[in-house]
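J.: This is final30.cif, which holds mmCIF, C-alpha atoms and all ligand atoms:
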```cif
data_my_file
loop_
_atom_site.group_PDB
_atom_site.id
_atom_site.type_symbol
_atom_site.label_atom_id
_atom_site.label_comp_id
_atom_site.auth_asym_id
_atom_site.auth_seq_id
_atom_site.Cartn_x
_atom_site.Cartn_y
_atom_site.Cartn_z
ATOM 1 C CA MET Z 27 -6.420 -5.803 -14.823
ATOM 2 C CA THR Z 28 -7.401 -8.958 -12.941
ATOM 3 C CA SER Z 29 -10.764 -8.375 -11.285
ATOM 4 C CA PRO Z 30 -11.753 -9.660 -8.817
ATOM 5 C CA SER Z 31 -8.259 -10.339 -7.502
ATOM 6 C CA PRO Z 32 -7.709 -13.991 -6.515
ATOM 7 C CA LEU Z 33 -8.409 -15.230 -2.992
ATOM 8 C CA VAL Z 34 -5.975 -18.017 -2.122
ATOM 9 C CA GLU Z 35 -6.082 -20.332 0.879
ATOM 10 C CA LEU Z 36 -2.831 -20.540 2.854
ATOM 11 C CA HIS Z 37 -1.428 -23.530 4.719
ATOM 12 C CA HIS Z 38 0.832 -23.630 7.756
ATOM 13 C CA PRO Z 39 1.078 -25.966 10.777
ATOM 14 C CA LEU Z 40 0.324 -23.065 13.143
ATOM 15 C CA PHE Z 41 -3.038 -22.478 11.466
ATOM 16 C CA ASN Z 42 -4.078 -26.005 12.466
ATOM 17 C CA LYS Z 43 -2.628 -25.589 15.934
ATOM 18 C CA PHE Z 44 -4.643 -22.421 16.579
ATOM 19 C CA GLY Z 45 -7.722 -23.656 14.741
ATOM 20 C CA VAL Z 46 -7.974 -20.845 12.199
ATOM 21 C CA SER Z 47 -8.217 -20.750 8.445
ATOM 22 C CA VAL Z 48 -6.229 -18.125 6.586
ATOM 23 C CA SER Z 49 -6.458 -16.761 3.063
ATOM 24 C CA VAL Z 50 -4.639 -14.084 1.151
ATOM 25 C CA LYS Z 51 -6.389 -11.611 -1.137
ATOM 26 C CA ARG Z 52 -3.809 -11.287 -3.896
ATOM 27 C CA ASP Z 53 -4.141 -7.669 -4.924
ATOM 28 C CA ASP Z 54 -0.492 -7.935 -5.937
ATOM 29 C CA LEU Z 55 -1.769 -9.954 -8.910
ATOM 30 C CA ILE Z 56 -4.130 -7.246 -10.185
ATOM 31 C CA HIS Z 57 -1.542 -6.147 -12.696
ATOM 32 C CA PRO Z 58 2.124 -7.016 -13.390
ATOM 33 C CA ILE Z 59 3.221 -3.362 -13.076
ATOM 34 C CA ILE Z 60 0.682 -1.406 -11.022
ATOM 35 C CA SER Z 61 0.912 -2.572 -7.436
ATOM 36 C CA GLY Z 62 -2.295 -3.662 -5.735
ATOM 37 C CA ASN Z 63 -3.620 -1.008 -3.436
ATOM 38 C CA LYS Z 64 -2.123 1.804 -5.495
ATOM 39 C CA TRP Z 65 -4.233 0.722 -8.448
ATOM 40 C CA ARG Z 66 -7.353 0.531 -6.263
ATOM 41 C CA LYS Z 67 -6.632 4.002 -4.868
ATOM 42 C CA LEU Z 68 -5.901 5.609 -8.237
ATOM 43 C CA LYS Z 69 -8.657 4.058 -10.308
ATOM 44 C CA HIS Z 70 -11.325 6.676 -9.620
ATOM 45 C CA SER Z 71 -8.893 9.624 -9.687
ATOM 46 C CA LEU Z 72 -7.831 8.532 -13.172
ATOM 47 C CA ALA Z 73 -11.459 8.275 -14.298
ATOM 48 C CA THR Z 74 -12.232 11.699 -12.821
ATOM 49 C CA ALA Z 75 -9.203 13.293 -14.486
ATOM 50 C CA LYS Z 76 -10.269 11.849 -17.822
ATOM 51 C CA SER Z 77 -13.967 12.648 -17.595
ATOM 52 C CA SER Z 78 -13.233 16.245 -16.562
ATOM 53 C CA GLY Z 79 -10.892 16.736 -19.495
ATOM 54 C CA LYS Z 80 -7.705 17.166 -17.447
ATOM 55 C CA THR Z 81 -4.306 17.008 -19.127
ATOM 56 C CA GLY Z 82 -2.887 14.798 -16.407
ATOM 57 C CA ILE Z 83 -2.203 14.178 -12.731
ATOM 58 C CA VAL Z 84 0.343 15.725 -10.348
ATOM 59 C CA SER Z 85 1.246 13.810 -7.208
ATOM 60 C CA PHE Z 86 3.926 13.348 -4.563
ATOM 61 C CA GLY Z 87 6.243 10.641 -3.329
ATOM 62 C CA GLY Z 88 9.629 9.556 -2.101
ATOM 63 C CA PRO Z 89 12.249 8.368 -4.593
ATOM 64 C CA TYR Z 90 11.205 4.692 -4.309
ATOM 65 C CA SER Z 91 7.463 5.264 -4.019
ATOM 66 C CA ASN Z 92 5.093 2.512 -5.150
ATOM 67 C CA HIS Z 93 2.485 5.202 -5.692
ATOM 68 C CA ILE Z 94 4.678 7.243 -8.051
ATOM 69 C CA HIS Z 95 5.563 4.101 -9.987
ATOM 70 C CA ALA Z 96 1.903 3.054 -10.305
ATOM 71 C CA LEU Z 97 0.758 6.578 -11.181
ATOM 72 C CA ALA Z 98 3.263 6.911 -14.015
ATOM 73 C CA TYR Z 99 2.158 3.664 -15.607
ATOM 74 C CA ALA Z 100 -1.579 4.182 -15.031
ATOM 75 C CA CYS Z 101 -1.483 7.674 -16.543
ATOM 76 C CA LYS Z 102 0.346 6.418 -19.592
ATOM 77 C CA LEU Z 103 -2.240 3.676 -19.984
ATOM 78 C CA GLU Z 104 -5.066 6.222 -19.776
ATOM 79 C CA GLY Z 105 -3.471 8.755 -22.095
ATOM 80 C CA LEU Z 106 -2.863 11.267 -19.293
ATOM 81 C CA LYS Z 107 0.361 13.111 -18.503
ATOM 82 C CA SER Z 108 1.924 12.614 -15.090
ATOM 83 C CA ILE Z 109 4.111 14.833 -12.942
ATOM 84 C CA GLY Z 110 5.834 13.449 -9.852
ATOM 85 C CA ILE Z 111 6.955 15.822 -7.122
ATOM 86 C CA ILE Z 112 9.759 13.816 -5.586
ATOM 87 C CA ARG Z 113 11.378 14.276 -2.186
ATOM 88 C CA GLY Z 114 15.117 14.339 -2.836
ATOM 89 C CA GLU Z 115 17.777 15.224 -5.370
ATOM 90 C CA PRO Z 116 17.655 14.726 -9.147
ATOM 91 C CA HIS Z 117 20.217 11.894 -9.045
ATOM 92 C CA TYR Z 118 17.398 9.610 -7.899
ATOM 93 C CA SER Z 119 15.885 9.781 -11.372
ATOM 94 C CA THR Z 120 18.047 6.834 -12.459
ATOM 95 C CA ASN Z 121 17.023 4.497 -9.610
ATOM 96 C CA ALA Z 122 14.960 1.344 -10.239
ATOM 97 C CA THR Z 123 11.628 2.978 -9.436
ATOM 98 C CA LEU Z 124 12.024 6.376 -11.061
ATOM 99 C CA SER Z 125 13.815 5.167 -14.184
ATOM 100 C CA GLN Z 126 10.753 3.031 -14.880
ATOM 101 C CA ALA Z 127 8.417 5.909 -14.104
ATOM 102 C CA ALA Z 128 10.442 8.008 -16.566
ATOM 103 C CA ASN Z 129 9.976 5.242 -19.149
ATOM 104 C CA PHE Z 130 6.259 5.699 -18.616
ATOM 105 C CA ASP Z 131 6.797 9.396 -19.474
ATOM 106 C CA MET Z 132 6.469 10.825 -15.996
ATOM 107 C CA GLU Z 133 8.032 14.248 -15.545
ATOM 108 C CA PHE Z 134 9.790 14.829 -12.206
ATOM 109 C CA LYS Z 135 10.183 17.853 -10.038
ATOM 110 C CA PHE Z 136 12.665 17.244 -7.213
ATOM 111 C CA VAL Z 137 12.123 19.168 -3.999
ATOM 112 C CA SER Z 138 13.947 19.450 -0.671
ATOM 113 C CA ARG Z 139 12.631 17.671 2.404
ATOM 114 C CA GLN Z 140 11.577 21.023 3.755
ATOM 115 C CA GLN Z 141 9.590 21.888 0.638
ATOM 116 C CA TYR Z 142 8.133 18.386 0.552
ATOM 117 C CA ARG Z 143 6.660 18.898 4.007
ATOM 118 C CA GLU Z 144 4.267 21.425 2.495
ATOM 119 C CA ARG Z 145 2.690 18.831 0.219
ATOM 120 C CA ALA Z 146 -0.693 19.029 1.956
ATOM 121 C CA GLU Z 147 -0.685 22.771 2.772
ATOM 122 C CA PRO Z 148 -3.540 24.653 1.092
ATOM 123 C CA THR Z 149 -1.348 27.653 0.167
ATOM 124 C CA TYR Z 150 1.246 25.451 -1.491
ATOM 125 C CA LEU Z 151 -1.405 23.405 -3.292
ATOM 126 C CA HIS Z 152 -3.006 26.584 -4.561
ATOM 127 C CA LEU Z 153 0.289 27.731 -6.086
ATOM 128 C CA LEU Z 154 0.872 24.283 -7.538
ATOM 129 C CA GLN Z 155 -2.548 24.329 -9.153
ATOM 130 C CA GLU Z 156 -1.697 27.712 -10.710
ATOM 131 C CA GLU Z 157 1.512 26.233 -12.080
ATOM 132 C CA TYR Z 158 -0.350 23.230 -13.527
ATOM 133 C CA PRO Z 159 -3.839 24.609 -14.181
ATOM 134 C CA ASN Z 160 -5.281 21.684 -16.060
ATOM 135 C CA TYR Z 161 -3.937 18.913 -13.833
ATOM 136 C CA LEU Z 162 -5.677 16.981 -11.081
ATOM 137 C CA ILE Z 163 -3.599 17.122 -7.880
ATOM 138 C CA VAL Z 164 -3.627 13.814 -5.998
ATOM 139 C CA PRO Z 165 -2.122 13.582 -2.474
ATOM 140 C CA GLU Z 166 0.840 11.414 -1.498
ATOM 141 C CA GLY Z 167 0.019 7.709 -1.702
ATOM 142 C CA GLY Z 168 -3.100 8.524 -3.725
ATOM 143 C CA SER Z 169 -5.082 8.749 -0.485
ATOM 144 C CA ASN Z 170 -7.977 11.056 -1.356
ATOM 145 C CA GLN Z 171 -11.749 10.539 -1.080
ATOM 146 C CA LEU Z 172 -11.828 8.816 -4.482
ATOM 147 C CA ALA Z 173 -9.311 6.292 -3.164
ATOM 148 C CA LEU Z 174 -11.782 5.113 -0.531
ATOM 149 C CA LYS Z 175 -14.272 4.188 -3.210
ATOM 150 C CA GLY Z 176 -11.652 2.160 -5.079
ATOM 151 C CA VAL Z 177 -10.443 0.297 -1.992
ATOM 152 C CA ALA Z 178 -14.027 -0.377 -0.868
ATOM 153 C CA GLU Z 179 -14.200 -2.729 -3.851
ATOM 154 C CA VAL Z 180 -11.851 -5.121 -1.998
ATOM 155 C CA VAL Z 181 -14.605 -5.668 0.575
ATOM 156 C CA THR Z 182 -17.285 -5.988 -2.096
ATOM 157 C CA GLU Z 183 -15.210 -8.639 -3.876
ATOM 158 C CA LEU Z 184 -14.482 -10.495 -0.635
ATOM 159 C CA LYS Z 185 -18.156 -10.635 0.270
ATOM 160 C CA GLN Z 186 -18.739 -12.442 -2.994
ATOM 161 C CA GLN Z 187 -15.716 -14.716 -2.600
ATOM 162 C CA THR Z 188 -16.053 -16.026 0.961
ATOM 163 C CA SER Z 189 -17.219 -15.447 4.501
ATOM 164 C CA TRP Z 190 -14.609 -14.153 6.926
ATOM 165 C CA ASP Z 191 -13.991 -12.701 10.371
ATOM 166 C CA TYR Z 192 -10.781 -10.663 10.249
ATOM 167 C CA LEU Z 193 -9.067 -8.664 7.536
ATOM 168 C CA LEU Z 194 -5.458 -7.550 7.978
ATOM 169 C CA THR Z 195 -3.793 -4.837 5.934
ATOM 170 C CA PRO Z 196 -0.541 -2.913 6.188
ATOM 171 C CA VAL Z 197 -1.023 0.809 6.944
ATOM 172 C CA GLY Z 198 1.166 3.608 5.577
ATOM 173 C CA SER Z 199 -0.892 6.753 5.026
ATOM 174 C CA GLY Z 200 -4.192 5.206 6.139
ATOM 175 C CA GLY Z 201 -6.022 5.469 2.805
ATOM 176 C CA THR Z 202 -6.311 1.736 2.293
ATOM 177 C CA ILE Z 203 -7.682 0.860 5.712
ATOM 178 C CA ALA Z 204 -10.058 3.837 5.527
ATOM 179 C CA GLY Z 205 -11.397 2.479 2.225
ATOM 180 C CA LEU Z 206 -11.866 -0.970 3.748
ATOM 181 C CA LEU Z 207 -13.687 0.535 6.724
ATOM 182 C CA SER Z 208 -15.933 2.578 4.446
ATOM 183 C CA ALA Z 209 -17.427 -0.632 3.062
ATOM 184 C CA ASN Z 210 -17.299 -2.846 6.110
ATOM 185 C CA HIS Z 211 -20.382 -1.953 8.211
ATOM 186 C CA GLN Z 212 -18.647 -3.464 11.264
ATOM 187 C CA GLU Z 213 -19.443 -7.094 10.565
ATOM 188 C CA HIS Z 214 -15.779 -8.005 10.152
ATOM 189 C CA LYS Z 215 -12.853 -6.880 12.240
ATOM 190 C CA ILE Z 216 -10.420 -4.774 10.226
ATOM 191 C CA ILE Z 217 -6.865 -4.732 11.570
ATOM 192 C CA GLY Z 218 -4.226 -2.367 10.241
ATOM 193 C CA ILE Z 219 -0.562 -3.066 10.838
ATOM 194 C CA SER Z 220 1.288 0.229 10.992
ATOM 195 C CA VAL Z 221 4.531 -0.003 9.015
ATOM 196 C CA LEU Z 222 5.876 3.142 10.645
ATOM 197 C CA LYS Z 223 6.394 4.480 14.154
ATOM 198 C CA GLN Z 224 3.405 6.511 15.136
ATOM 199 C CA ASP Z 225 1.498 7.622 18.152
ATOM 200 C CA GLY Z 226 -2.134 7.859 17.168
ATOM 201 C CA TYR Z 227 -1.875 10.234 14.218
ATOM 202 C CA LEU Z 228 -2.744 7.422 11.795
ATOM 203 C CA GLU Z 229 -5.999 6.711 13.654
ATOM 204 C CA GLN Z 230 -6.770 10.440 13.382
ATOM 205 C CA GLU Z 231 -5.868 10.472 9.690
ATOM 206 C CA ILE Z 232 -8.177 7.493 9.097
ATOM 207 C CA ARG Z 233 -11.011 9.243 10.942
ATOM 208 C CA ASN Z 234 -10.392 12.409 8.905
ATOM 209 C CA LEU Z 235 -10.564 10.482 5.637
ATOM 210 C CA LEU Z 236 -13.807 8.854 6.735
ATOM 211 C CA ALA Z 237 -15.416 11.986 8.202
ATOM 212 C CA PRO Z 238 -17.246 13.012 4.997
ATOM 213 C CA ILE Z 239 -19.058 9.682 4.718
ATOM 214 C CA LYS Z 240 -20.236 9.572 8.325
ATOM 215 C CA ILE Z 241 -20.038 5.882 9.061
ATOM 216 C CA GLU Z 242 -20.044 4.481 12.540
ATOM 217 C CA MET Z 243 -16.538 3.226 13.225
ATOM 218 C CA LYS Z 244 -16.397 0.091 15.296
ATOM 219 C CA ASN Z 245 -14.535 -3.179 15.167
ATOM 220 C CA TRP Z 246 -11.184 -1.955 13.893
ATOM 221 C CA GLN Z 247 -7.703 -1.361 15.215
ATOM 222 C CA VAL Z 248 -4.311 -0.092 14.130
ATOM 223 C CA VAL Z 249 -1.605 -2.266 15.668
ATOM 224 C CA ASN Z 250 1.543 -0.285 16.362
ATOM 225 C CA ASN Z 251 4.277 -2.599 17.527
ATOM 226 C CA TYR Z 252 5.372 -4.275 14.314
ATOM 227 C CA HIS Z 253 7.034 -1.385 12.461
ATOM 228 C CA CYS Z 254 10.477 -3.014 12.971
ATOM 229 C CA GLY Z 255 12.095 0.349 13.782
ATOM 230 C CA GLY Z 256 10.262 2.676 11.398
ATOM 231 C CA TYR Z 257 9.226 3.173 7.810
ATOM 232 C CA ALA Z 258 11.319 1.042 5.411
ATOM 233 C CA LYS Z 259 13.461 -0.114 8.335
ATOM 234 C CA PHE Z 260 13.995 -3.763 9.235
ATOM 235 C CA SER Z 261 16.740 -5.869 10.776
ATOM 236 C CA LYS Z 262 18.556 -8.806 9.195
ATOM 237 C CA ASP Z 263 16.504 -11.052 11.441
ATOM 238 C CA ASP Z 264 13.208 -9.448 10.344
ATOM 239 C CA GLN Z 265 14.290 -10.010 6.749
ATOM 240 C CA GLN Z 266 15.137 -13.665 7.310
ATOM 241 C CA GLN Z 267 11.818 -14.250 9.017
ATOM 242 C CA ILE Z 268 9.903 -12.604 6.188
ATOM 243 C CA ILE Z 269 11.738 -14.650 3.559
ATOM 244 C CA SER Z 270 11.094 -17.832 5.488
ATOM 245 C CA ILE Z 271 7.366 -17.079 5.884
ATOM 246 C CA ALA Z 272 7.099 -16.204 2.195
ATOM 247 C CA LYS Z 273 8.587 -19.575 1.299
ATOM 248 C CA GLN Z 274 6.380 -21.483 3.740
ATOM 249 C CA LEU Z 275 3.220 -19.771 2.512
ATOM 250 C CA ASP Z 276 4.360 -19.725 -1.108
ATOM 251 C CA ILE Z 277 3.604 -16.041 -1.646
ATOM 252 C CA PRO Z 278 6.013 -13.257 -2.637
ATOM 253 C CA LEU Z 279 6.551 -10.650 0.092
ATOM 254 C CA GLU Z 280 8.656 -7.516 0.570
ATOM 255 C CA PRO Z 281 9.909 -6.076 3.860
ATOM 256 C CA ILE Z 282 8.253 -2.624 3.808
ATOM 257 C CA TYR Z 283 4.544 -3.508 3.824
ATOM 258 C CA SER Z 284 3.411 -7.112 3.284
ATOM 259 C CA GLY Z 285 6.419 -8.503 5.203
ATOM 260 C CA LYS Z 286 5.628 -6.487 8.327
ATOM 261 C CA MET Z 287 1.987 -7.515 8.055
ATOM 262 C CA VAL Z 288 2.881 -11.231 8.114
ATOM 263 C CA LEU Z 289 5.349 -10.787 10.986
ATOM 264 C CA ALA Z 290 2.562 -9.133 12.949
ATOM 265 C CA PHE Z 291 0.064 -11.771 11.920
ATOM 266 C CA PHE Z 292 2.166 -14.730 13.066
ATOM 267 C CA ASP Z 293 2.997 -13.056 16.351
ATOM 268 C CA MET Z 294 -0.636 -12.154 17.040
ATOM 269 C CA LEU Z 295 -1.708 -15.677 16.099
ATOM 270 C CA GLN Z 296 0.715 -17.180 18.617
ATOM 271 C CA ASN Z 297 -0.559 -14.763 21.250
ATOM 272 C CA ASN Z 298 -4.114 -16.057 20.791
ATOM 273 C CA TYR Z 299 -5.376 -12.835 19.252
ATOM 274 C CA PHE Z 300 -7.723 -14.618 16.849
ATOM 275 C CA ARG Z 301 -10.821 -16.591 17.827
ATOM 276 C CA PRO Z 302 -10.592 -20.317 17.072
ATOM 277 C CA ASN Z 303 -12.613 -21.381 14.018
ATOM 278 C CA SER Z 304 -12.294 -17.950 12.466
ATOM 279 C CA HIS Z 305 -11.328 -17.134 8.896
ATOM 280 C CA ILE Z 306 -8.598 -14.529 8.591
ATOM 281 C CA ILE Z 307 -7.860 -12.671 5.367
ATOM 282 C CA LEU Z 308 -4.470 -11.076 4.708
ATOM 283 C CA LEU Z 309 -4.644 -8.327 2.107
ATOM 284 C CA HIS Z 310 -1.562 -8.462 -0.118
ATOM 285 C CA THR Z 311 -1.293 -4.837 -1.165
ATOM 286 C CA GLY Z 312 1.470 -5.408 -3.740
ATOM 287 C CA GLY Z 313 4.591 -3.254 -3.661
ATOM 288 C CA LEU Z 314 6.971 -5.903 -4.955
ATOM 289 C CA GLN Z 315 8.584 -3.394 -7.318
ATOM 290 C CA GLY Z 316 10.136 -1.857 -4.196
ATOM 291 C CA LEU Z 317 12.433 -4.857 -3.825
ATOM 292 C CA LYS Z 318 14.555 -3.641 -6.725
ATOM 293 C CA GLY Z 319 15.202 -0.306 -5.073
ATOM 294 C CA LEU Z 320 16.074 -2.024 -1.800
ATOM 295 C CA ALA Z 321 18.540 -4.293 -3.610
ATOM 296 C CA GLU Z 322 20.022 -1.292 -5.404
ATOM 297 C CA GLN Z 323 20.594 0.436 -2.049
ATOM 298 C CA ASN Z 324 22.100 -2.802 -0.653
ATOM 299 C CA LYS Z 325 19.383 -2.986 1.981
ATOM 300 C CA ILE Z 326 18.571 -6.498 0.800
ATOM 301 C CA LYS Z 327 20.444 -9.117 -1.228
ATOM 302 C CA ALA Z 328 18.617 -9.705 -4.494
ATOM 303 C CA ASP Z 329 19.338 -13.440 -4.585
ATOM 304 C CA GLU Z 330 17.651 -13.978 -1.207
ATOM 305 C CA TRP Z 331 14.338 -12.774 -2.658
ATOM 306 C CA PRO Z 332 13.805 -15.134 -5.617
ATOM 307 C CA TRP Z 333 10.537 -13.461 -6.626
ATOM 308 C CA LEU Z 334 12.248 -10.083 -7.018
ATOM 309 C CA PRO Z 335 10.802 -8.820 -10.292
ATOM 310 C CA ALA Z 336 13.044 -8.899 -13.302
ATOM 311 C CA GLN Z 337 13.664 -5.566 -14.994
ATOM 312 C CA GLN Z 338 10.270 -4.789 -16.440
ATOM 313 C CA VAL Z 339 9.982 -3.710 -20.020
ATOM 314 C CA GLN Z 340 7.530 -1.132 -21.167
HETATM 315 C C1 LIG U 401 1.270 2.394 -0.102
HETATM 316 C C2 LIG U 401 1.244 1.002 0.307
HETATM 317 C C3 LIG U 401 0.586 0.575 1.483
HETATM 318 C C4 LIG U 401 -0.020 1.533 2.461
HETATM 319 O O1 LIG U 401 -1.243 1.990 2.043
HETATM 320 P P1 LIG U 401 -1.894 3.299 2.687
HETATM 321 O O2 LIG U 401 -3.127 3.481 1.923
HETATM 322 O O3 LIG U 401 -0.900 4.403 2.421
HETATM 323 O O4 LIG U 401 -2.072 3.069 4.130
HETATM 324 C C5 LIG U 401 0.538 -0.778 1.741
HETATM 325 N N1 LIG U 401 1.107 -1.660 0.923
HETATM 326 C C6 LIG U 401 1.766 -1.293 -0.195
HETATM 327 C C7 LIG U 401 2.398 -2.336 -1.026
HETATM 328 C C8 LIG U 401 1.852 0.046 -0.541
HETATM 329 O O5 LIG U 401 2.509 0.390 -1.655
#
```
Could the structure of this file be written out as structure tokens, please?
T.:
Amino acid sequence: MTSPSPLVELHHPLFNKFGVSVSVKRDDLIHPIISGNKWRKLKHSLATAKSSGKTGIVSFGGPYSNHIHALAYACKLEGLKSIGIIRGEPHYSTNATLSQAANFDMEFKFVSRQQYRERAEPTYLHLLQEEYPNYLIVPEGGSNQLALKGVAEVVTELKQQTSWDYLLTPVGSGGTIAGLLSANHQEHKIIGISVLKQDGYLEQEIRNLLAPIKIEMKNWQVVNNYHCGGYAKFSKDDQQQIISIAKQLDIPLEPIYSGKMVLAFFDMLQNNYFRPNSHIILLHTGGLQGLKGLAEQNKIKADEWPWLPAQQVQ
């Protein structure tokens, strides 16, 4: 694991034009297999499972989930078993994401969409715990209280690496931005770019995650108009823009999380969102493994994304 993750300065003519400096926190480089924020979020759950003598971890995800992929590998590394409760039919087990997770010895249980909706219901979780008595149950995306502690380390590292004014992160379930906020103490503005269509429930989810630690929540925002049509949706034009930005900035991006964050960032920059002379940090949360699944489903063309990871070996 690379710790702290590298902070890299980015260059682009628009940064000069708007008088800002921009860096990327490369959490995608933490590990070649475990994607950035998923490692941060899982780290303390893994330690807890081990120190409490659990057999393994049970968690939830869609068939191309970065979290499921990271969990399978991390558990194998730590000598824990892993069980993935996957939304969808068993045929997904041969896709790019799940076939790798299977290589890392994850066991799958496929459930219908309807069943999957119960993933956070106390009654369902109680039954699940009875079925797997010696397993730690971790929510979808790894977003539990322990995740906040892991993600908070991004802010701790940044404080040692530089001084800065804004931090941008993509938002899916809200665990990552909640972790950043837990360590921020309001001195920097934290901006989440929602990668899905939502109407305030993410803000509520973030507040719920942070409720137990009772921090004052100021100086943050979830920006809602850059989801490109919804979770994992994007147009051809969005794709081309993301690829072009990735090439200009010389960083690998994907269109589900980091790509939407940079689209939002450039648009906000050109709309004078950021104060001149400020230092803006983009958090690269990883997720590049997802490109393979997108190529497999013909949602992207593999040869247009030259940094698409080669088939990883165990
Ligand atoms: C899961 C994920 C996110 C979203 O993180 P949340 O904690 O769910 O908000 C962002 N980026 C990548 C690459 C992810 O895999």
J.: Taking only C-alpha atoms and all ligand atoms into account, which residues are within 9 Å of ligand LIG 401 (chain U), as a PyMOL selection string?
T.: chain Z and resi 54+61-64+67+91-93+166-169+173+177+195-205+218+220-221+228+280+282-284+309-316
J.: Can you work out the spacing between CA of Phe300 in chain Z and CA of Tyr227 in chain Z in Å, to one decimal?
T.: 25.7 Å
J.: Record the distance separating CA of Lys185 in chain Z and CA of Ala73 in chain Z, expressed in Å with one decimal.
T.: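 Distance between the two atoms: 24.8 Å.
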J.: Return as a ChimeraX atom specification the set of residues that the PyMOL selection byres (((chain Z and resi 29) around 12) and not hetatm) yields on the displayed structure.
T.: /Z:27-28,30-33,51-57,62,65-66,179-180,182-184,187
J.: So, with only C-alpha atoms as the atoms that count, which of Z:Pro39, Z:Pro238, Z:Gly45, Z:Gly319 lies closest to Ser125 in chain Z?
T.: Z:Gly319
J.: For the file shown, report as a PyMOL selection string the outcome of the PyMOL selection byres (((chain Z and resi 257-270) around 8) and not hetatm) at residue level.
T.: chain Z and resi 221-223+253-256+271-274+279-282+285-286+288-289+330-331
